[in-house]
>>> print(open('upload_35.cif').read())   # mmCIF, N, CA and C atoms
data_coords
loop_
_atom_site.label_atom_id
_atom_site.label_comp_id
_atom_site.auth_asym_id
_atom_site.auth_seq_id
_atom_site.Cartn_x
_atom_site.Cartn_y
_atom_site.Cartn_z
N MET L 1 0.84 -1.17 0.00
CA MET L 1 0.00 0.00 0.00
C MET L 1 0.89 1.24 0.00
N ARG L 2 0.53 2.26 -0.80
CA ARG L 2 1.31 3.49 -0.86
C ARG L 2 1.08 4.32 0.40
N THR L 3 2.05 5.17 0.73
CA THR L 3 1.89 6.12 1.82
C THR L 3 0.79 7.09 1.45
N GLY L 4 -0.07 7.44 2.41
CA GLY L 4 -1.15 8.37 2.14
C GLY L 4 -2.46 7.68 1.82
N ASP L 5 -2.47 6.34 1.77
CA ASP L 5 -3.68 5.60 1.50
C ASP L 5 -4.25 5.11 2.82
N THR L 6 -5.54 4.85 2.84
CA THR L 6 -6.17 4.17 3.95
C THR L 6 -6.75 2.89 3.42
N THR L 7 -7.02 1.95 4.29
CA THR L 7 -7.60 0.69 3.85
C THR L 7 -9.08 0.71 4.16
N VAL L 8 -9.88 0.36 3.18
CA VAL L 8 -11.31 0.21 3.35
C VAL L 8 -11.67 -1.18 2.87
N THR L 9 -12.86 -1.63 3.19
CA THR L 9 -13.28 -2.98 2.81
C THR L 9 -14.28 -2.90 1.67
N SER L 10 -14.10 -3.73 0.66
CA SER L 10 -15.02 -3.79 -0.47
C SER L 10 -16.27 -4.54 -0.05
N ASP L 11 -17.28 -4.54 -0.92
CA ASP L 11 -18.52 -5.27 -0.64
C ASP L 11 -18.27 -6.76 -0.44
N GLU L 12 -17.21 -7.27 -1.06
CA GLU L 12 -16.88 -8.69 -0.94
C GLU L 12 -16.06 -8.98 0.31
N GLY L 13 -15.73 -7.95 1.10
CA GLY L 13 -14.96 -8.14 2.32
C GLY L 13 -13.46 -8.06 2.12
N ASN L 14 -13.00 -7.77 0.91
CA ASN L 14 -11.57 -7.67 0.63
C ASN L 14 -11.09 -6.24 0.90
N PRO L 15 -9.92 -6.11 1.55
CA PRO L 15 -9.40 -4.76 1.78
C PRO L 15 -8.92 -4.13 0.46
N ILE L 16 -9.24 -2.87 0.27
CA ILE L 16 -8.77 -2.13 -0.90
C ILE L 16 -8.24 -0.78 -0.42
N ALA L 17 -7.29 -0.23 -1.17
CA ALA L 17 -6.71 1.05 -0.81
C ALA L 17 -7.59 2.18 -1.32
N ARG L 18 -7.79 3.18 -0.50
CA ARG L 18 -8.56 4.36 -0.89
C ARG L 18 -7.68 5.58 -0.65
N PRO L 19 -7.42 6.37 -1.70
CA PRO L 19 -6.57 7.55 -1.50
C PRO L 19 -7.17 8.51 -0.49
N ARG L 20 -6.33 9.08 0.38
CA ARG L 20 -6.79 10.08 1.34
C ARG L 20 -7.04 11.41 0.65
N VAL L 21 -6.33 11.66 -0.42
CA VAL L 21 -6.47 12.90 -1.17
C VAL L 21 -7.52 12.69 -2.25
N ARG L 22 -8.39 13.67 -2.42
CA ARG L 22 -9.41 13.59 -3.48
C ARG L 22 -8.70 13.60 -4.82
N GLU L 23 -8.99 12.62 -5.66
CA GLU L 23 -8.38 12.52 -6.98
C GLU L 23 -9.43 12.67 -8.06
N ALA L 24 -8.98 13.12 -9.22
CA ALA L 24 -9.88 13.28 -10.37
C ALA L 24 -9.21 12.70 -11.61
N SER L 25 -10.06 12.30 -12.55
CA SER L 25 -9.60 11.77 -13.84
C SER L 25 -10.53 12.33 -14.91
N LEU L 26 -9.95 12.92 -15.94
CA LEU L 26 -10.72 13.48 -17.05
C LEU L 26 -11.31 12.36 -17.90
N LYS L 27 -12.60 12.45 -18.17
CA LYS L 27 -13.26 11.47 -19.03
C LYS L 27 -12.79 11.70 -20.47
N PRO L 28 -12.45 10.64 -21.20
CA PRO L 28 -11.89 10.78 -22.56
C PRO L 28 -12.74 11.61 -23.52
N GLN L 29 -14.05 11.52 -23.42
CA GLN L 29 -14.91 12.25 -24.36
C GLN L 29 -14.87 13.77 -24.18
N PHE L 30 -14.25 14.25 -23.08
CA PHE L 30 -14.14 15.69 -22.84
C PHE L 30 -12.70 16.19 -22.94
N ALA L 31 -11.80 15.36 -23.43
CA ALA L 31 -10.38 15.72 -23.51
C ALA L 31 -10.15 16.96 -24.36
N HIS L 32 -10.95 17.16 -25.40
CA HIS L 32 -10.77 18.33 -26.27
C HIS L 32 -11.02 19.66 -25.55
N LEU L 33 -11.74 19.62 -24.42
CA LEU L 33 -12.02 20.84 -23.66
C LEU L 33 -10.90 21.21 -22.69
N TYR L 34 -10.00 20.26 -22.42
CA TYR L 34 -8.95 20.45 -21.43
C TYR L 34 -7.60 20.02 -21.99
N PRO L 35 -7.04 20.76 -22.94
CA PRO L 35 -5.79 20.35 -23.59
C PRO L 35 -4.60 20.07 -22.65
N PRO L 36 -4.49 20.76 -21.51
CA PRO L 36 -3.32 20.46 -20.67
C PRO L 36 -3.42 19.16 -19.88
N LEU L 37 -4.56 18.48 -19.92
CA LEU L 37 -4.74 17.26 -19.13
C LEU L 37 -4.72 16.01 -20.01
N GLU L 38 -4.25 14.92 -19.41
CA GLU L 38 -4.25 13.62 -20.07
C GLU L 38 -5.49 12.85 -19.60
N PRO L 39 -6.40 12.50 -20.51
CA PRO L 39 -7.60 11.78 -20.09
C PRO L 39 -7.27 10.42 -19.48
N GLY L 40 -8.07 10.05 -18.46
CA GLY L 40 -7.89 8.76 -17.82
C GLY L 40 -6.80 8.70 -16.77
N ARG L 41 -6.04 9.76 -16.58
CA ARG L 41 -4.95 9.77 -15.60
C ARG L 41 -5.47 10.33 -14.28
N TRP L 42 -5.29 9.57 -13.20
CA TRP L 42 -5.71 10.00 -11.87
C TRP L 42 -4.63 10.88 -11.25
N GLU L 43 -5.04 12.02 -10.69
CA GLU L 43 -4.12 12.89 -9.96
C GLU L 43 -4.93 13.71 -8.96
N PRO L 44 -4.26 14.34 -7.99
CA PRO L 44 -5.00 15.12 -6.99
C PRO L 44 -5.90 16.16 -7.66
N ALA L 45 -7.17 16.19 -7.25
CA ALA L 45 -8.15 17.09 -7.86
C ALA L 45 -7.76 18.55 -7.67
N ALA L 46 -7.22 18.92 -6.53
CA ALA L 46 -6.85 20.32 -6.30
C ALA L 46 -5.75 20.76 -7.25
N ALA L 47 -4.76 19.90 -7.46
CA ALA L 47 -3.66 20.23 -8.38
C ALA L 47 -4.18 20.33 -9.81
N MET L 48 -5.09 19.43 -10.18
CA MET L 48 -5.66 19.45 -11.52
C MET L 48 -6.47 20.74 -11.73
N ALA L 49 -7.26 21.12 -10.75
CA ALA L 49 -8.04 22.35 -10.85
C ALA L 49 -7.13 23.57 -10.98
N ASP L 50 -6.06 23.59 -10.21
CA ASP L 50 -5.10 24.70 -10.29
C ASP L 50 -4.49 24.78 -11.69
N ARG L 51 -4.15 23.63 -12.27
CA ARG L 51 -3.58 23.62 -13.63
C ARG L 51 -4.56 24.13 -14.66
N ILE L 52 -5.83 23.76 -14.52
CA ILE L 52 -6.85 24.22 -15.47
C ILE L 52 -7.03 25.74 -15.36
N VAL L 53 -7.12 26.26 -14.15
CA VAL L 53 -7.28 27.70 -13.98
C VAL L 53 -6.06 28.44 -14.53
N ALA L 54 -4.87 27.95 -14.23
CA ALA L 54 -3.65 28.59 -14.75
C ALA L 54 -3.63 28.59 -16.28
N TRP L 55 -4.08 27.50 -16.88
CA TRP L 55 -4.12 27.42 -18.34
C TRP L 55 -5.17 28.38 -18.90
N LEU L 56 -6.34 28.42 -18.26
CA LEU L 56 -7.43 29.27 -18.75
C LEU L 56 -7.08 30.76 -18.71
N VAL L 57 -6.42 31.20 -17.65
CA VAL L 57 -6.11 32.63 -17.54
C VAL L 57 -5.08 33.07 -18.58
N ARG L 58 -4.36 32.13 -19.16
CA ARG L 58 -3.39 32.46 -20.21
C ARG L 58 -4.00 32.42 -21.60
N GLN L 59 -5.25 32.00 -21.71
CA GLN L 59 -5.91 31.88 -23.02
C GLN L 59 -6.74 33.13 -23.31
N PRO L 60 -6.57 33.74 -24.46
CA PRO L 60 -7.41 34.89 -24.79
C PRO L 60 -8.84 34.43 -25.08
N ASN L 61 -9.79 35.14 -24.50
CA ASN L 61 -11.22 34.90 -24.77
C ASN L 61 -11.66 33.46 -24.53
N ARG L 62 -11.17 32.84 -23.46
CA ARG L 62 -11.56 31.45 -23.16
C ARG L 62 -12.85 31.38 -22.35
N GLY L 63 -13.37 32.51 -21.93
CA GLY L 63 -14.62 32.47 -21.19
C GLY L 63 -14.42 32.62 -19.70
N TYR L 64 -15.47 32.35 -18.98
CA TYR L 64 -15.55 32.55 -17.54
C TYR L 64 -15.34 31.23 -16.79
N VAL L 65 -14.59 31.29 -15.69
CA VAL L 65 -14.41 30.13 -14.83
C VAL L 65 -15.23 30.38 -13.57
N ALA L 66 -16.22 29.53 -13.34
CA ALA L 66 -17.06 29.67 -12.14
C ALA L 66 -16.22 29.40 -10.91
N PRO L 67 -16.31 30.25 -9.88
CA PRO L 67 -15.48 30.06 -8.69
C PRO L 67 -15.85 28.84 -7.86
N GLY L 68 -17.07 28.34 -7.99
CA GLY L 68 -17.52 27.22 -7.16
C GLY L 68 -16.88 25.89 -7.50
N ARG L 69 -16.74 25.59 -8.78
CA ARG L 69 -16.21 24.29 -9.18
C ARG L 69 -15.54 24.39 -10.54
N VAL L 70 -14.27 24.07 -10.59
CA VAL L 70 -13.51 24.10 -11.84
C VAL L 70 -13.66 22.77 -12.56
N LEU L 71 -13.62 21.68 -11.81
CA LEU L 71 -13.72 20.33 -12.39
C LEU L 71 -15.18 19.88 -12.33
N ARG L 72 -15.85 19.98 -13.45
CA ARG L 72 -17.27 19.63 -13.51
C ARG L 72 -17.46 18.12 -13.41
N SER L 73 -18.41 17.70 -12.60
CA SER L 73 -18.63 16.26 -12.39
C SER L 73 -19.07 15.55 -13.66
N GLU L 74 -19.61 16.28 -14.64
CA GLU L 74 -19.98 15.67 -15.91
C GLU L 74 -18.74 15.33 -16.73
N HIS L 75 -17.64 16.04 -16.51
CA HIS L 75 -16.43 15.89 -17.30
C HIS L 75 -15.35 15.05 -16.62
N PHE L 76 -15.47 14.85 -15.31
CA PHE L 76 -14.43 14.18 -14.53
C PHE L 76 -15.02 13.08 -13.65
N GLU L 77 -14.20 12.08 -13.36
CA GLU L 77 -14.53 11.07 -12.35
C GLU L 77 -13.74 11.45 -11.11
N PHE L 78 -14.28 11.11 -9.94
CA PHE L 78 -13.62 11.44 -8.68
C PHE L 78 -13.54 10.21 -7.79
N ARG L 79 -12.49 10.18 -6.96
CA ARG L 79 -12.35 9.10 -5.98
C ARG L 79 -11.54 9.61 -4.80
N GLY L 80 -11.67 8.89 -3.68
CA GLY L 80 -10.86 9.18 -2.51
C GLY L 80 -11.32 10.41 -1.76
N GLY L 81 -10.45 10.88 -0.91
CA GLY L 81 -10.75 12.02 -0.07
C GLY L 81 -11.13 11.58 1.32
N PRO L 82 -11.14 12.52 2.24
CA PRO L 82 -11.49 12.18 3.63
C PRO L 82 -12.96 11.78 3.73
N ASP L 83 -13.25 10.91 4.72
CA ASP L 83 -14.63 10.49 4.93
C ASP L 83 -15.49 11.64 5.42
N LYS L 84 -14.91 12.50 6.27
CA LYS L 84 -15.63 13.65 6.79
C LYS L 84 -14.98 14.91 6.24
N PRO L 85 -15.78 15.90 5.81
CA PRO L 85 -15.18 17.14 5.34
C PRO L 85 -14.47 17.85 6.47
N GLU L 86 -13.32 18.42 6.17
CA GLU L 86 -12.59 19.19 7.16
C GLU L 86 -13.32 20.50 7.38
N SER L 87 -13.14 21.10 8.56
CA SER L 87 -13.80 22.38 8.80
C SER L 87 -13.28 23.40 7.80
N GLY L 88 -14.19 24.25 7.34
CA GLY L 88 -13.81 25.24 6.34
C GLY L 88 -13.91 24.74 4.92
N HIS L 89 -14.36 23.49 4.74
CA HIS L 89 -14.50 22.93 3.40
C HIS L 89 -15.94 22.53 3.14
N ASP L 90 -16.39 22.68 1.96
CA ASP L 90 -17.71 22.28 1.52
C ASP L 90 -17.77 20.75 1.49
N PRO L 91 -18.90 20.14 1.82
CA PRO L 91 -18.98 18.67 1.79
C PRO L 91 -18.77 18.08 0.41
N HIS L 92 -18.87 18.87 -0.64
CA HIS L 92 -18.65 18.39 -2.00
C HIS L 92 -17.22 18.59 -2.45
N GLY L 93 -16.33 19.01 -1.54
CA GLY L 93 -14.93 19.15 -1.87
C GLY L 93 -14.55 20.48 -2.48
N ARG L 94 -15.48 21.42 -2.49
CA ARG L 94 -15.17 22.73 -3.03
C ARG L 94 -14.42 23.54 -2.00
N ARG L 95 -13.52 24.39 -2.45
CA ARG L 95 -12.78 25.24 -1.54
C ARG L 95 -13.68 26.34 -1.01
N GLN L 96 -13.53 26.66 0.25
CA GLN L 96 -14.27 27.75 0.87
C GLN L 96 -13.30 28.87 1.17
N TYR L 97 -13.66 30.06 0.81
CA TYR L 97 -12.82 31.22 1.06
C TYR L 97 -13.50 32.12 2.07
N PRO L 98 -12.72 32.69 3.03
CA PRO L 98 -13.34 33.56 4.03
C PRO L 98 -13.93 34.81 3.37
N ALA L 99 -15.03 35.25 3.92
CA ALA L 99 -15.72 36.44 3.37
C ALA L 99 -15.01 37.71 3.74
#
>>> encode(input="upload_35.cif", output="structure tokens")
Amino acid sequence: MRTGDTTVTSDEGNPIARPRVREASLKPQFAHLYPPLEPGRWEPAAAMADRIVAWLVRQPNRGYVAPGRVLRSEHFEFRGGPDKPESGHDPHGRRQYPA
């Protein structure tokens, strides 16, 4: 088991590793919308979102990035993360910023 993983039990009773960090993977059918990402590759969702925002701000006339969620659930698969949201975080994994 890699460092940073926790062990959970599958429905069949077999232990499986679950990443502690929320991970995302771009669905292949949406790869054309996210040129800096490799479809099907799992990586930390926060790092992936940061890369998308950094890429978008360098593109002329690329449109608006909604502050609530950069990685749309229709375009990405998600796995892992803490069982309970940490204080100051949205239960859906969105970043919360102080007012």
>>> residues_around(input="upload_35.cif", residues="L:His75", least_positions_apart="6", cutoff="6.5 Å", atoms="all atoms listed in the file", output="list in words")
Ser25, Leu26, Lys27 and Phe30 of chain L
>>> write_last_selection(input="upload_35.cif", atoms="N, CA and C atoms", output="short mmCIF file (atom, residue, chain, number, x, y, z; two decimals), in the coordinates of the input")
data_model
loop_
_atom_site.label_atom_id
_atom_site.label_comp_id
_atom_site.auth_asym_id
_atom_site.auth_seq_id
_atom_site.Cartn_x
_atom_site.Cartn_y
_atom_site.Cartn_z
N SER L 25 -10.06 12.30 -12.55
CA SER L 25 -9.60 11.77 -13.84
C SER L 25 -10.53 12.33 -14.91
N LEU L 26 -9.95 12.92 -15.94
CA LEU L 26 -10.72 13.48 -17.05
C LEU L 26 -11.31 12.36 -17.90
N LYS L 27 -12.60 12.45 -18.17
CA LYS L 27 -13.26 11.47 -19.03
C LYS L 27 -12.79 11.70 -20.47
N PHE L 30 -14.25 14.25 -23.08
CA PHE L 30 -14.14 15.69 -22.84
C PHE L 30 -12.70 16.19 -22.94
#
>>> atom_distance(input="upload_35.cif", atom1="atom N of L:Ala46", atom2="atom C of L:Pro60")
24.2 Å
>>> closest_residue(input="upload_35.cif", among="L:Glu38, L:Pro44, L:Trp55, L:Ala49", to="L:Arg69", atoms="only N, CA and C atoms")
L:Ala49
>>> closest_residue(input="upload_35.cif", among="L:Glu74, L:Leu33, L:Asp50, L:Gly80", to="L:Arg20", atoms="only C-alpha atoms")
L:Gly80
>>> atom_distance(input="upload_35.cif", atom1="atom CA of L:Gly68", atom2="atom N of L:Pro39")
22.8 Å
>>> atom_distance(input="upload_35.cif", atom1="atom CA of L:Tyr34", atom2="atom CA of L:Ile52")
7.4 Å
>>> residues_near_point(input="upload_35.cif", point="(-11.9, 13.5, -13.3)", cutoff="8 Å", atoms="all atoms listed in the file", output="JSON list (two decimals) with N, CA and C atoms, in the frame of the given file")
[["chain", "number", "residue", "atom", "x", "y", "z"],
["L", 23, "GLU", "N", -8.99, 12.62, -5.66],
["L", 23, "GLU", "CA", -8.38, 12.52, -6.98],
["L", 23, "GLU", "C", -9.43, 12.67, -8.06],
["L", 24, "ALA", "N", -8.98, 13.12, -9.22],
["L", 24, "ALA", "CA", -9.88, 13.28, -10.37],
["L", 24, "ALA", "C", -9.21, 12.70, -11.61],
["L", 25, "SER", "N", -10.06, 12.30, -12.55],
["L", 25, "SER", "CA", -9.60, 11.77, -13.84],
["L", 25, "SER", "C", -10.53, 12.33, -14.91],
["L", 26, "LEU", "N", -9.95, 12.92, -15.94],
["L", 26, "LEU", "CA", -10.72, 13.48, -17.05],
["L", 26, "LEU", "C", -11.31, 12.36, -17.90],
["L", 27, "LYS", "N", -12.60, 12.45, -18.17],
["L", 27, "LYS", "CA", -13.26, 11.47, -19.03],
["L", 27, "LYS", "C", -12.79, 11.70, -20.47],
["L", 40, "GLY", "N", -8.07, 10.05, -18.46],
["L", 40, "GLY", "CA", -7.89, 8.76, -17.82],
["L", 40, "GLY", "C", -6.80, 8.70, -16.77],
["L", 41, "ARG", "N", -6.04, 9.76, -16.58],
["L", 41, "ARG", "CA", -4.95, 9.77, -15.60],
["L", 41, "ARG", "C", -5.47, 10.33, -14.28],
["L", 42, "TRP", "N", -5.29, 9.57, -13.20],
["L", 42, "TRP", "CA", -5.71, 10.00, -11.87],
["L", 42, "TRP", "C", -4.63, 10.88, -11.25],
["L", 43, "GLU", "N", -5.04, 12.02, -10.69],
["L", 43, "GLU", "CA", -4.12, 12.89, -9.96],
["L", 43, "GLU", "C", -4.93, 13.71, -8.96],
["L", 45, "ALA", "N", -7.17, 16.19, -7.25],
["L", 45, "ALA", "CA", -8.15, 17.09, -7.86],
["L", 45, "ALA", "C", -7.76, 18.55, -7.67],
["L", 71, "LEU", "N", -13.62, 21.68, -11.81],
["L", 71, "LEU", "CA", -13.72, 20.33, -12.39],
["L", 71, "LEU", "C", -15.18, 19.88, -12.33],
["L", 72, "ARG", "N", -15.85, 19.98, -13.45],
["L", 72, "ARG", "CA", -17.27, 19.63, -13.51],
["L", 72, "ARG", "C", -17.46, 18.12, -13.41],
["L", 73, "SER", "N", -18.41, 17.70, -12.60],
["L", 73, "SER", "CA", -18.63, 16.26, -12.39],
["L", 73, "SER", "C", -19.07, 15.55, -13.66],
["L", 74, "GLU", "N", -19.61, 16.28, -14.64],
["L", 74, "GLU", "CA", -19.98, 15.67, -15.91],
["L", 74, "GLU", "C", -18.74, 15.33, -16.73],
["L", 75, "HIS", "N", -17.64, 16.04, -16.51],
["L", 75, "HIS", "CA", -16.43, 15.89, -17.30],
["L", 75, "HIS", "C", -15.35, 15.05, -16.62],
["L", 76, "PHE", "N", -15.47, 14.85, -15.31],
["L", 76, "PHE", "CA", -14.43, 14.18, -14.53],
["L", 76, "PHE", "C", -15.02, 13.08, -13.65],
["L", 77, "GLU", "N", -14.20, 12.08, -13.36],
["L", 77, "GLU", "CA", -14.53, 11.07, -12.35],
["L", 77, "GLU", "C", -13.74, 11.45, -11.11],
["L", 78, "PHE", "N", -14.28, 11.11, -9.94],
["L", 78, "PHE", "CA", -13.62, 11.44, -8.68],
["L", 78, "PHE", "C", -13.54, 10.21, -7.79],
["L", 79, "ARG", "N", -12.49, 10.18, -6.96],
["L", 79, "ARG", "CA", -12.35, 9.10, -5.98],
["L", 79, "ARG", "C", -11.54, 9.61, -4.80]]
